[in-house]
Every structure is written in C-alpha cells, then in structure tokens.
Amino acid sequence: ALCASSVFADRSHSQKTFITPRAVGVNKAMEQAAWHSHIYTKWHHAKKRIKSHVQVTPFYQFSDSDDNAGHYFGIGNNSSTFKIGATPTSTNGFDIDSAFLIHELNDNDTNKAKGKINLSPDQDVWGARFDYHQFFNSPFKGLFFKVSLPLVHVENNINMKFEDEEKVTIGTGGSSKSFALADFFKGNVKVDSATSDEDLQDSLKNLKVDNRRSAGGVADIDVGLGYMWHHDDKKFANISVFMTFPTGNKPRGEYLFEPIYGNNEHLGLGASVDGGFQIWEGKKGKIKANLGFNYKYLFEASETRVVGVKDIPFGHYYLAGKLDQKDKPLFPLANVLAQSLRVKPGSQFDALANVSFQTKRFIIDAGYNAYWKDQESAWLKGNFADNNIGIAEKDYDTTEKFEVKGTGTAPVIRNNRTLTNDDLDINAVKTPTQFTHKIYTSVGYKMNLNRRYPASTSVGGSYEFAHDNSAFDQWAFWIKGAISF
C-alpha cells in the first residue's frame, strides 16, 4: 500500500459530468469478515457432513462530504466553490459569465444573475448482501459453487449550495419573470414569447441539480465455480472463476451525480484466489491469516452520458442554438450533449489481508482491503457536427436568424462556427483510475443451532480512503448472520 501510495498520491480531477463509484457488491472485506470461519473450516465434530453455507449481511455506508469531492464536478479552480456573475474580471472575482446561462439582452450589469456556488457531494447506501457457498463431492472432491447478490438503495446528494444570490428579471410589465441561478440548475428557467421575444430560452433537461436523488435494486450478481486444491485444519488454498451478471441500472444523464448501483450494466468475467494459514495456536485460541485477491474485467457496452465542452468551464451548461433557427428558444448545451457512447470500464482488483483471532465462541477479525479500478475508456458513436449546433453569443437576439456572420456584424455564434466532435470533452464522462485503501474490523459469536448446524452472528465496520477525488472516502457498518449445514 505504501509503495502504491507514492504512485497515485495527490491527483485531483475536475470539470467532470459523471462518476462511476465503486460498485456496492465489490467488497471483499464485508464479504469475508467472519464468513471465512464457515467456508474454510474443517467440521470434524459435526454430526453430518457440512457442505452448504449461507450468510446475510445488512449494512449501511456513507461517504465523507468534502471540498475534494465537490472539486470533481467543479470548474477546475482548485476549489469546490466558484462564482457566477456578469462580465467576469480579475476584480469582480466571477469565474463564469451568467449571461451564457440565462439569456438577457439588457446591457445593464446590475440586472444579471449572480451568486456563489459550492459543491459538496455525498452518498448514502443501505441494503443487504446475500452469499451462498456450496461444496460438491462430484465430479471430483474440492469443487464448489458460490453466488453473491447485493440488494441496495443508493442515495446521492450533489449538495449544490448558493450564497449571495441576485436574480435577473426578463421582460417588462406584468409578464416579466425573475430567475436565480438555482432556478437554472433545477431546470426551471423557461422564457417564451409571452415574456420576451428576444430572450427565448428553453429549460435545462439534462445534468439538472436536484440535490437528493435515489435508486435501488439488485446491484449485479456474481456467480462462480471454484476448486479447493488444499484444505486442512491449519491451511487452505483455492481458486475460482466467476461471471458478473448486470442487474443494476444505467445512467440517463438527466441529473448531475446520478445514483448508480452495480456496474452500469456491464457484463464481467473474473477470477479469485484465496488462501490462509495458522500463525499461532494456544490453549485459549488460535490466530489465522487469510489472503484473497479478486480480478474482474468489465466488457464494453453502450451508455448514454452527457459529454463536456473543451476549454470552457461548465460549457455543457452554456446556451446554444441550431443553425438557421429563428424565433426559437436557445437551449442549454447539456440538452443535446447526452450522447450514445461505447464505454469500456476495463479491469478492477479487490485484494484482502486479514488476521483472525478465534476462541471456542468468539472470532475477532482485523484486516486491510485494497481496491483498484482502471480508467474508463469511451468513444462517441455519432458525428456531433451533423447537428449544426453552436454556442450563442450574449448579444444574440432570438428574433434574428442564428447564423455565422462575417466581420463587422453583431456576433451570433461564439467563435463564428458550430461545434464538432473535436470540441467535445469525452474525458468529462470518463471515471478516472480509482485506488482506495480500507481498514476494517469485525467481532463475532459462534454457536450451534439444534446441535447440528454451525452458525454465527457478528458486527463489523470499515473506513475507506482514496488517493484522489475519483473515489469516495467512506464509512461502512454491518451486522451479519451465517449458518452452515
């Protein structure tokens, strides 16, 4: 861990429109805590042959909400806080010109939307994971089958907070409307001809900010087949292969920081190696060490994500128009930047080192869990230039034709050209490399049900910390019940 820390330390990402958090079901620490005392124990004194093992683990985990996570979705100023207002300068401190978000032709700078925005995303997940492990005697001894199924509820909160807000008024008289920046990000800014013919604007449809969003279901199912090549009272070793069947949800791009459970519906194929050995044994108990390593490859699949715009902070929120439109509303670019992409998550590793103290009735675990996931790859499937869409200049009057004008005329399209694939920031939708460390502990109590079936109950907790803001720092707590028969 210390060697890897020097490689991945102090990297920070920003101007992102999407993140794929660590899938809830990929959690070797939560899976193996106390569970190893069932599936890797030789049951010599059982009155019947023990071959089947089941555990149920209700859990709750939550992320630390901090500025580093807010910087991930921010504008890249090394902060989760930024200011939006009229005509940014070095003296007024504005980072983004609000006229590109809420279209208002009045040149009076006092009639512009203003505000200071802070982002502090957090995530809460609760649910239960179910694990089943079955040994077989045929066609050869040592063969086993296993399956894991997490049932979860994910709740994300982007925590976009506004300070020192000032509204902009569009139109005159009784038909005028006033909007704040919060209205824009919630998708509530819509201007039609009843309010103003020259400031027509459609509402935000994608990457909206509705602070708390939730989703739930089965977060992918892992089904494996393995072989226990050595197993006695003091040591064991096995290897298995498994498939991840996608049962989670896919992103739609409607909201910023969408709740995702599973691996975005990507099929996975992996292998696992587990082993353990006894370190010490005395009259009062024994100490064992367990080591495990999972590798999974997630295959390429189609997804819809909202791409960014290169070299323009929050450019995906800028207002745009379609070439030759007239008397039609401008629209936030995010409305048309929800693109069909081919996404390849690639490889992920989940490794564990655990020390366990066991007495006749109690089992105490302490361990370390390392997680690494490759940076996502993504490719745009279509040609965005075919849409003939350009960013609107602040001075564009929507009663005029939206066209590329020559020198000396009022600007209509920013940079006097429409957008092409080269202007799109595909990196904005790619979740970067994730590398985290987790420390955990668990305390359990062992018993026999009906004098025939070994069982246990335990409680545990963990803290996971990441080297950069592509993954969350988070706490987790669980209770667990397991039985062998």
# chains A, B, ... in the order shown; residues from 1 in each chain; ligands from 1
call {"tool": "closest_atom_pairs", "arguments": {"of": "region 123-195 of chain A", "to": "region 470-474 of chain A", "cutoff": "12 Å", "atoms": "only C-alpha atoms", "output": "Markdown table"}}
result
| residue | atom | partner | partner_atom | distance |
| --- | --- | --- | --- | --- |
| A:Gln123 | CA | A:Phe472 | CA | 8.5 |
| A:Asp124 | CA | A:Gln474 | CA | 9.3 |
| A:Val125 | CA | A:Gln474 | CA | 10.4 |
| A:Asn156 | CA | A:Phe472 | CA | 12.0 |
call {"tool": "residues_around", "arguments": {"residues": "Phe144 (chain A)", "least_positions_apart": "4", "cutoff": "12 Å", "atoms": "only C-alpha atoms", "output": "count of residues only"}}
result
26
call {"tool": "residues_around", "arguments": {"residues": "Asn211 (chain A)", "least_positions_apart": "5", "cutoff": "8 Å", "atoms": "only C-alpha atoms", "output": "JSON, numbers by chain"}}
result
{"A": [156, 157, 158, 159, 160]}
call {"tool": "closest_residue", "arguments": {"among": "A:Asp395, A:Glu300, A:Asp365, A:Glu254", "to": "Asn206 (chain A)", "atoms": "only C-alpha atoms"}}
result
A:Glu254
call {"tool": "residues_around", "arguments": {"residues": "Ser98 (chain A)", "least_positions_apart": "2", "cutoff": "8 Å", "atoms": "only C-alpha atoms", "output": "list in words"}}
result
Ile84, Gly85, Ala86, Thr87, Ile96, Phe100, Leu101, Ile102, Lys112, Ala113 and Lys114 of chain A
call {"tool": "write_last_selection", "arguments": {"atoms": "N, CA, C and O atoms", "output": "short mmCIF file (atom, residue, chain, number, x, y, z; two decimals), in the first residue's frame"}}
result
data_model
loop_
_atom_site.label_atom_id
_atom_site.label_comp_id
_atom_site.auth_asym_id
_atom_site.auth_seq_id
_atom_site.Cartn_x
_atom_site.Cartn_y
_atom_site.Cartn_z
N ILE A 84 -20.48 32.94 -10.18
CA ILE A 84 -21.09 33.21 -11.49
C ILE A 84 -21.70 34.60 -11.44
O ILE A 84 -22.43 34.95 -10.50
N GLY A 85 -21.39 35.42 -12.45
CA GLY A 85 -21.93 36.78 -12.50
C GLY A 85 -21.67 37.42 -13.84
O GLY A 85 -21.19 36.78 -14.78
N ALA A 86 -21.98 38.69 -13.94
CA ALA A 86 -21.89 39.41 -15.22
C ALA A 86 -20.46 39.82 -15.51
O ALA A 86 -19.77 40.39 -14.67
N THR A 87 -20.00 39.56 -16.75
CA THR A 87 -18.72 40.02 -17.27
C THR A 87 -17.57 39.78 -16.28
O THR A 87 -17.10 40.69 -15.60
N ILE A 96 -17.54 32.55 -14.16
CA ILE A 96 -18.38 32.25 -15.32
C ILE A 96 -19.33 33.42 -15.53
O ILE A 96 -19.87 33.98 -14.57
N PHE A 100 -24.28 33.63 -20.27
CA PHE A 100 -24.24 32.43 -21.10
C PHE A 100 -25.18 31.34 -20.59
O PHE A 100 -25.38 30.33 -21.27
N LEU A 101 -25.73 31.54 -19.40
CA LEU A 101 -26.64 30.56 -18.82
C LEU A 101 -28.08 31.03 -18.83
O LEU A 101 -29.00 30.23 -19.08
N ILE A 102 -28.30 32.30 -18.52
CA ILE A 102 -29.64 32.89 -18.57
C ILE A 102 -29.57 34.07 -19.53
O ILE A 102 -28.91 35.07 -19.27
N LYS A 112 -28.36 41.16 -13.81
CA LYS A 112 -27.82 39.87 -14.22
C LYS A 112 -27.86 38.92 -13.02
O LYS A 112 -27.74 39.35 -11.87
N ALA A 113 -28.01 37.64 -13.31
CA ALA A 113 -27.98 36.65 -12.23
C ALA A 113 -26.57 36.57 -11.67
O ALA A 113 -25.58 36.59 -12.40
N LYS A 114 -26.48 36.49 -10.34
CA LYS A 114 -25.18 36.40 -9.67
C LYS A 114 -25.29 35.42 -8.50
O LYS A 114 -26.38 35.18 -7.98
#
call {"tool": "decode", "arguments": {"residues": "region 55-70 of chain A", "atoms": "all heavy atoms", "output": "PDB file, in the first residue's frame"}}
result
ATOM      1  N   GLN A  55     -24.955 -16.734   4.230  1.00  0.00           N
ATOM      2  CA  GLN A  55     -24.852 -15.577   5.119  1.00  0.00           C
ATOM      3  C   GLN A  55     -25.693 -14.432   4.572  1.00  0.00           C
ATOM      4  O   GLN A  55     -25.863 -14.273   3.355  1.00  0.00           O
ATOM      5  CB  GLN A  55     -23.404 -15.135   5.309  1.00  0.00           C
ATOM      6  CG  GLN A  55     -22.793 -14.370   4.178  1.00  0.00           C
ATOM      7  CD  GLN A  55     -21.460 -13.714   4.563  1.00  0.00           C
ATOM      8  OE1 GLN A  55     -21.079 -13.649   5.723  1.00  0.00           O
ATOM      9  NE2 GLN A  55     -20.744 -13.216   3.562  1.00  0.00           N
ATOM     10  N   VAL A  56     -26.215 -13.633   5.489  1.00  0.00           N
ATOM     11  CA  VAL A  56     -26.983 -12.426   5.156  1.00  0.00           C
ATOM     12  C   VAL A  56     -26.343 -11.267   5.913  1.00  0.00           C
ATOM     13  O   VAL A  56     -26.114 -11.363   7.129  1.00  0.00           O
ATOM     14  CB  VAL A  56     -28.461 -12.572   5.537  1.00  0.00           C
ATOM     15  CG1 VAL A  56     -29.225 -11.302   5.180  1.00  0.00           C
ATOM     16  CG2 VAL A  56     -29.081 -13.785   4.871  1.00  0.00           C
ATOM     17  N   THR A  57     -26.072 -10.165   5.194  1.00  0.00           N
ATOM     18  CA  THR A  57     -25.338  -9.045   5.789  1.00  0.00           C
ATOM     19  C   THR A  57     -26.056  -7.721   5.526  1.00  0.00           C
ATOM     20  O   THR A  57     -25.833  -7.062   4.505  1.00  0.00           O
ATOM     21  CB  THR A  57     -23.913  -8.958   5.218  1.00  0.00           C
ATOM     22  OG1 THR A  57     -23.294 -10.247   5.252  1.00  0.00           O
ATOM     23  CG2 THR A  57     -23.074  -7.964   6.001  1.00  0.00           C
ATOM     24  N   PRO A  58     -26.954  -7.285   6.410  1.00  0.00           N
ATOM     25  CA  PRO A  58     -27.480  -5.919   6.304  1.00  0.00           C
ATOM     26  C   PRO A  58     -26.364  -4.914   6.595  1.00  0.00           C
ATOM     27  O   PRO A  58     -25.539  -5.135   7.480  1.00  0.00           O
ATOM     28  CB  PRO A  58     -28.570  -5.868   7.379  1.00  0.00           C
ATOM     29  CG  PRO A  58     -28.863  -7.306   7.703  1.00  0.00           C
ATOM     30  CD  PRO A  58     -27.575  -8.044   7.499  1.00  0.00           C
ATOM     31  N   PHE A  59     -26.343  -3.807   5.862  1.00  0.00           N
ATOM     32  CA  PHE A  59     -25.249  -2.844   6.025  1.00  0.00           C
ATOM     33  C   PHE A  59     -25.723  -1.429   5.741  1.00  0.00           C
ATOM     34  O   PHE A  59     -26.771  -1.202   5.129  1.00  0.00           O
ATOM     35  CB  PHE A  59     -24.086  -3.196   5.081  1.00  0.00           C
ATOM     36  CG  PHE A  59     -24.406  -3.009   3.620  1.00  0.00           C
ATOM     37  CD1 PHE A  59     -24.159  -1.802   2.976  1.00  0.00           C
ATOM     38  CD2 PHE A  59     -24.965  -4.042   2.884  1.00  0.00           C
ATOM     39  CE1 PHE A  59     -24.464  -1.627   1.640  1.00  0.00           C
ATOM     40  CE2 PHE A  59     -25.274  -3.881   1.544  1.00  0.00           C
ATOM     41  CZ  PHE A  59     -25.025  -2.669   0.921  1.00  0.00           C
ATOM     42  N   TYR A  60     -24.893  -0.494   6.159  1.00  0.00           N
ATOM     43  CA  TYR A  60     -25.096   0.928   5.853  1.00  0.00           C
ATOM     44  C   TYR A  60     -23.726   1.550   5.637  1.00  0.00           C
ATOM     45  O   TYR A  60     -22.800   1.325   6.424  1.00  0.00           O
ATOM     46  CB  TYR A  60     -25.819   1.634   6.997  1.00  0.00           C
ATOM     47  CG  TYR A  60     -25.869   3.143   6.855  1.00  0.00           C
ATOM     48  CD1 TYR A  60     -26.535   3.736   5.783  1.00  0.00           C
ATOM     49  CD2 TYR A  60     -25.238   3.970   7.776  1.00  0.00           C
ATOM     50  CE1 TYR A  60     -26.569   5.116   5.643  1.00  0.00           C
ATOM     51  CE2 TYR A  60     -25.278   5.355   7.646  1.00  0.00           C
ATOM     52  CZ  TYR A  60     -25.944   5.925   6.573  1.00  0.00           C
ATOM     53  OH  TYR A  60     -25.974   7.288   6.428  1.00  0.00           O
ATOM     54  N   GLN A  61     -23.574   2.312   4.563  1.00  0.00           N
ATOM     55  CA  GLN A  61     -22.315   3.012   4.328  1.00  0.00           C
ATOM     56  C   GLN A  61     -22.601   4.431   3.854  1.00  0.00           C
ATOM     57  O   GLN A  61     -23.620   4.694   3.207  1.00  0.00           O
ATOM     58  CB  GLN A  61     -21.441   2.273   3.305  1.00  0.00           C
ATOM     59  CG  GLN A  61     -21.957   2.240   1.892  1.00  0.00           C
ATOM     60  CD  GLN A  61     -21.044   1.435   0.965  1.00  0.00           C
ATOM     61  OE1 GLN A  61     -20.573   0.357   1.312  1.00  0.00           O
ATOM     62  NE2 GLN A  61     -20.807   1.965  -0.228  1.00  0.00           N
ATOM     63  N   PHE A  62     -21.697   5.345   4.188  1.00  0.00           N
ATOM     64  CA  PHE A  62     -21.894   6.745   3.814  1.00  0.00           C
ATOM     65  C   PHE A  62     -20.541   7.384   3.561  1.00  0.00           C
ATOM     66  O   PHE A  62     -19.534   7.045   4.190  1.00  0.00           O
ATOM     67  CB  PHE A  62     -22.658   7.507   4.910  1.00  0.00           C
ATOM     68  CG  PHE A  62     -21.984   7.509   6.251  1.00  0.00           C
ATOM     69  CD1 PHE A  62     -21.147   8.549   6.624  1.00  0.00           C
ATOM     70  CD2 PHE A  62     -22.178   6.472   7.145  1.00  0.00           C
ATOM     71  CE1 PHE A  62     -20.522   8.566   7.859  1.00  0.00           C
ATOM     72  CE2 PHE A  62     -21.559   6.470   8.391  1.00  0.00           C
ATOM     73  CZ  PHE A  62     -20.728   7.523   8.745  1.00  0.00           C
ATOM     74  N   SER A  63     -20.528   8.319   2.620  1.00  0.00           N
ATOM     75  CA  SER A  63     -19.282   8.971   2.240  1.00  0.00           C
ATOM     76  C   SER A  63     -19.052  10.218   3.069  1.00  0.00           C
ATOM     77  O   SER A  63     -19.990  10.810   3.614  1.00  0.00           O
ATOM     78  CB  SER A  63     -19.307   9.344   0.753  1.00  0.00           C
ATOM     79  OG  SER A  63     -20.273  10.348   0.509  1.00  0.00           O
ATOM     80  N   ASP A  64     -17.773  10.615   3.149  1.00  0.00           N
ATOM     81  CA  ASP A  64     -17.434  11.909   3.718  1.00  0.00           C
ATOM     82  C   ASP A  64     -17.741  12.982   2.689  1.00  0.00           C
ATOM     83  O   ASP A  64     -17.279  12.910   1.549  1.00  0.00           O
ATOM     84  CB  ASP A  64     -15.945  11.977   4.073  1.00  0.00           C
ATOM     85  CG  ASP A  64     -15.623  11.205   5.330  1.00  0.00           C
ATOM     86  OD1 ASP A  64     -16.566  10.887   6.074  1.00  0.00           O
ATOM     87  OD2 ASP A  64     -14.444  10.908   5.566  1.00  0.00           O
ATOM     88  N   SER A  65     -18.515  13.978   3.063  1.00  0.00           N
ATOM     89  CA  SER A  65     -18.812  15.090   2.167  1.00  0.00           C
ATOM     90  C   SER A  65     -17.739  16.159   2.353  1.00  0.00           C
ATOM     91  O   SER A  65     -17.596  16.710   3.440  1.00  0.00           O
ATOM     92  CB  SER A  65     -20.199  15.662   2.471  1.00  0.00           C
ATOM     93  OG  SER A  65     -20.484  16.756   1.651  1.00  0.00           O
ATOM     94  N   ASP A  66     -16.960  16.428   1.310  1.00  0.00           N
ATOM     95  CA  ASP A  66     -15.875  17.398   1.471  1.00  0.00           C
ATOM     96  C   ASP A  66     -15.634  18.166   0.176  1.00  0.00           C
ATOM     97  O   ASP A  66     -16.229  17.895  -0.870  1.00  0.00           O
ATOM     98  CB  ASP A  66     -14.589  16.712   1.933  1.00  0.00           C
ATOM     99  CG  ASP A  66     -14.141  15.595   1.000  1.00  0.00           C
ATOM    100  OD1 ASP A  66     -14.499  15.637  -0.188  1.00  0.00           O
ATOM    101  OD2 ASP A  66     -13.440  14.689   1.453  1.00  0.00           O
ATOM    102  N   ASP A  67     -14.729  19.146   0.258  1.00  0.00           N
ATOM    103  CA  ASP A  67     -14.446  20.001  -0.885  1.00  0.00           C
ATOM    104  C   ASP A  67     -13.794  19.231  -2.028  1.00  0.00           C
ATOM    105  O   ASP A  67     -13.975  19.574  -3.201  1.00  0.00           O
ATOM    106  CB  ASP A  67     -13.531  21.149  -0.462  1.00  0.00           C
ATOM    107  CG  ASP A  67     -14.244  22.156   0.418  1.00  0.00           C
ATOM    108  OD1 ASP A  67     -15.485  22.126   0.439  1.00  0.00           O
ATOM    109  OD2 ASP A  67     -13.576  22.956   1.079  1.00  0.00           O
ATOM    110  N   ASN A  68     -13.028  18.193  -1.703  1.00  0.00           N
ATOM    111  CA  ASN A  68     -12.345  17.440  -2.750  1.00  0.00           C
ATOM    112  C   ASN A  68     -13.340  16.769  -3.690  1.00  0.00           C
ATOM    113  O   ASN A  68     -13.162  16.756  -4.910  1.00  0.00           O
ATOM    114  CB  ASN A  68     -11.414  16.388  -2.125  1.00  0.00           C
ATOM    115  CG  ASN A  68     -10.312  15.972  -3.059  1.00  0.00           C
ATOM    116  OD1 ASN A  68      -9.872  16.746  -3.892  1.00  0.00           O
ATOM    117  ND2 ASN A  68      -9.862  14.737  -2.915  1.00  0.00           N
ATOM    118  N   ALA A  69     -14.414  16.220  -3.132  1.00  0.00           N
ATOM    119  CA  ALA A  69     -15.455  15.621  -3.962  1.00  0.00           C
ATOM    120  C   ALA A  69     -16.171  16.689  -4.788  1.00  0.00           C
ATOM    121  O   ALA A  69     -16.532  16.464  -5.947  1.00  0.00           O
ATOM    122  CB  ALA A  69     -16.446  14.862  -3.087  1.00  0.00           C
ATOM    123  N   GLY A  70     -16.377  17.872  -4.198  1.00  0.00           N
ATOM    124  CA  GLY A  70     -17.012  18.957  -4.947  1.00  0.00           C
ATOM    125  C   GLY A  70     -16.153  19.456  -6.085  1.00  0.00           C
ATOM    126  O   GLY A  70     -16.656  19.872  -7.139  1.00  0.00           O
TER     127      GLY A  70
END
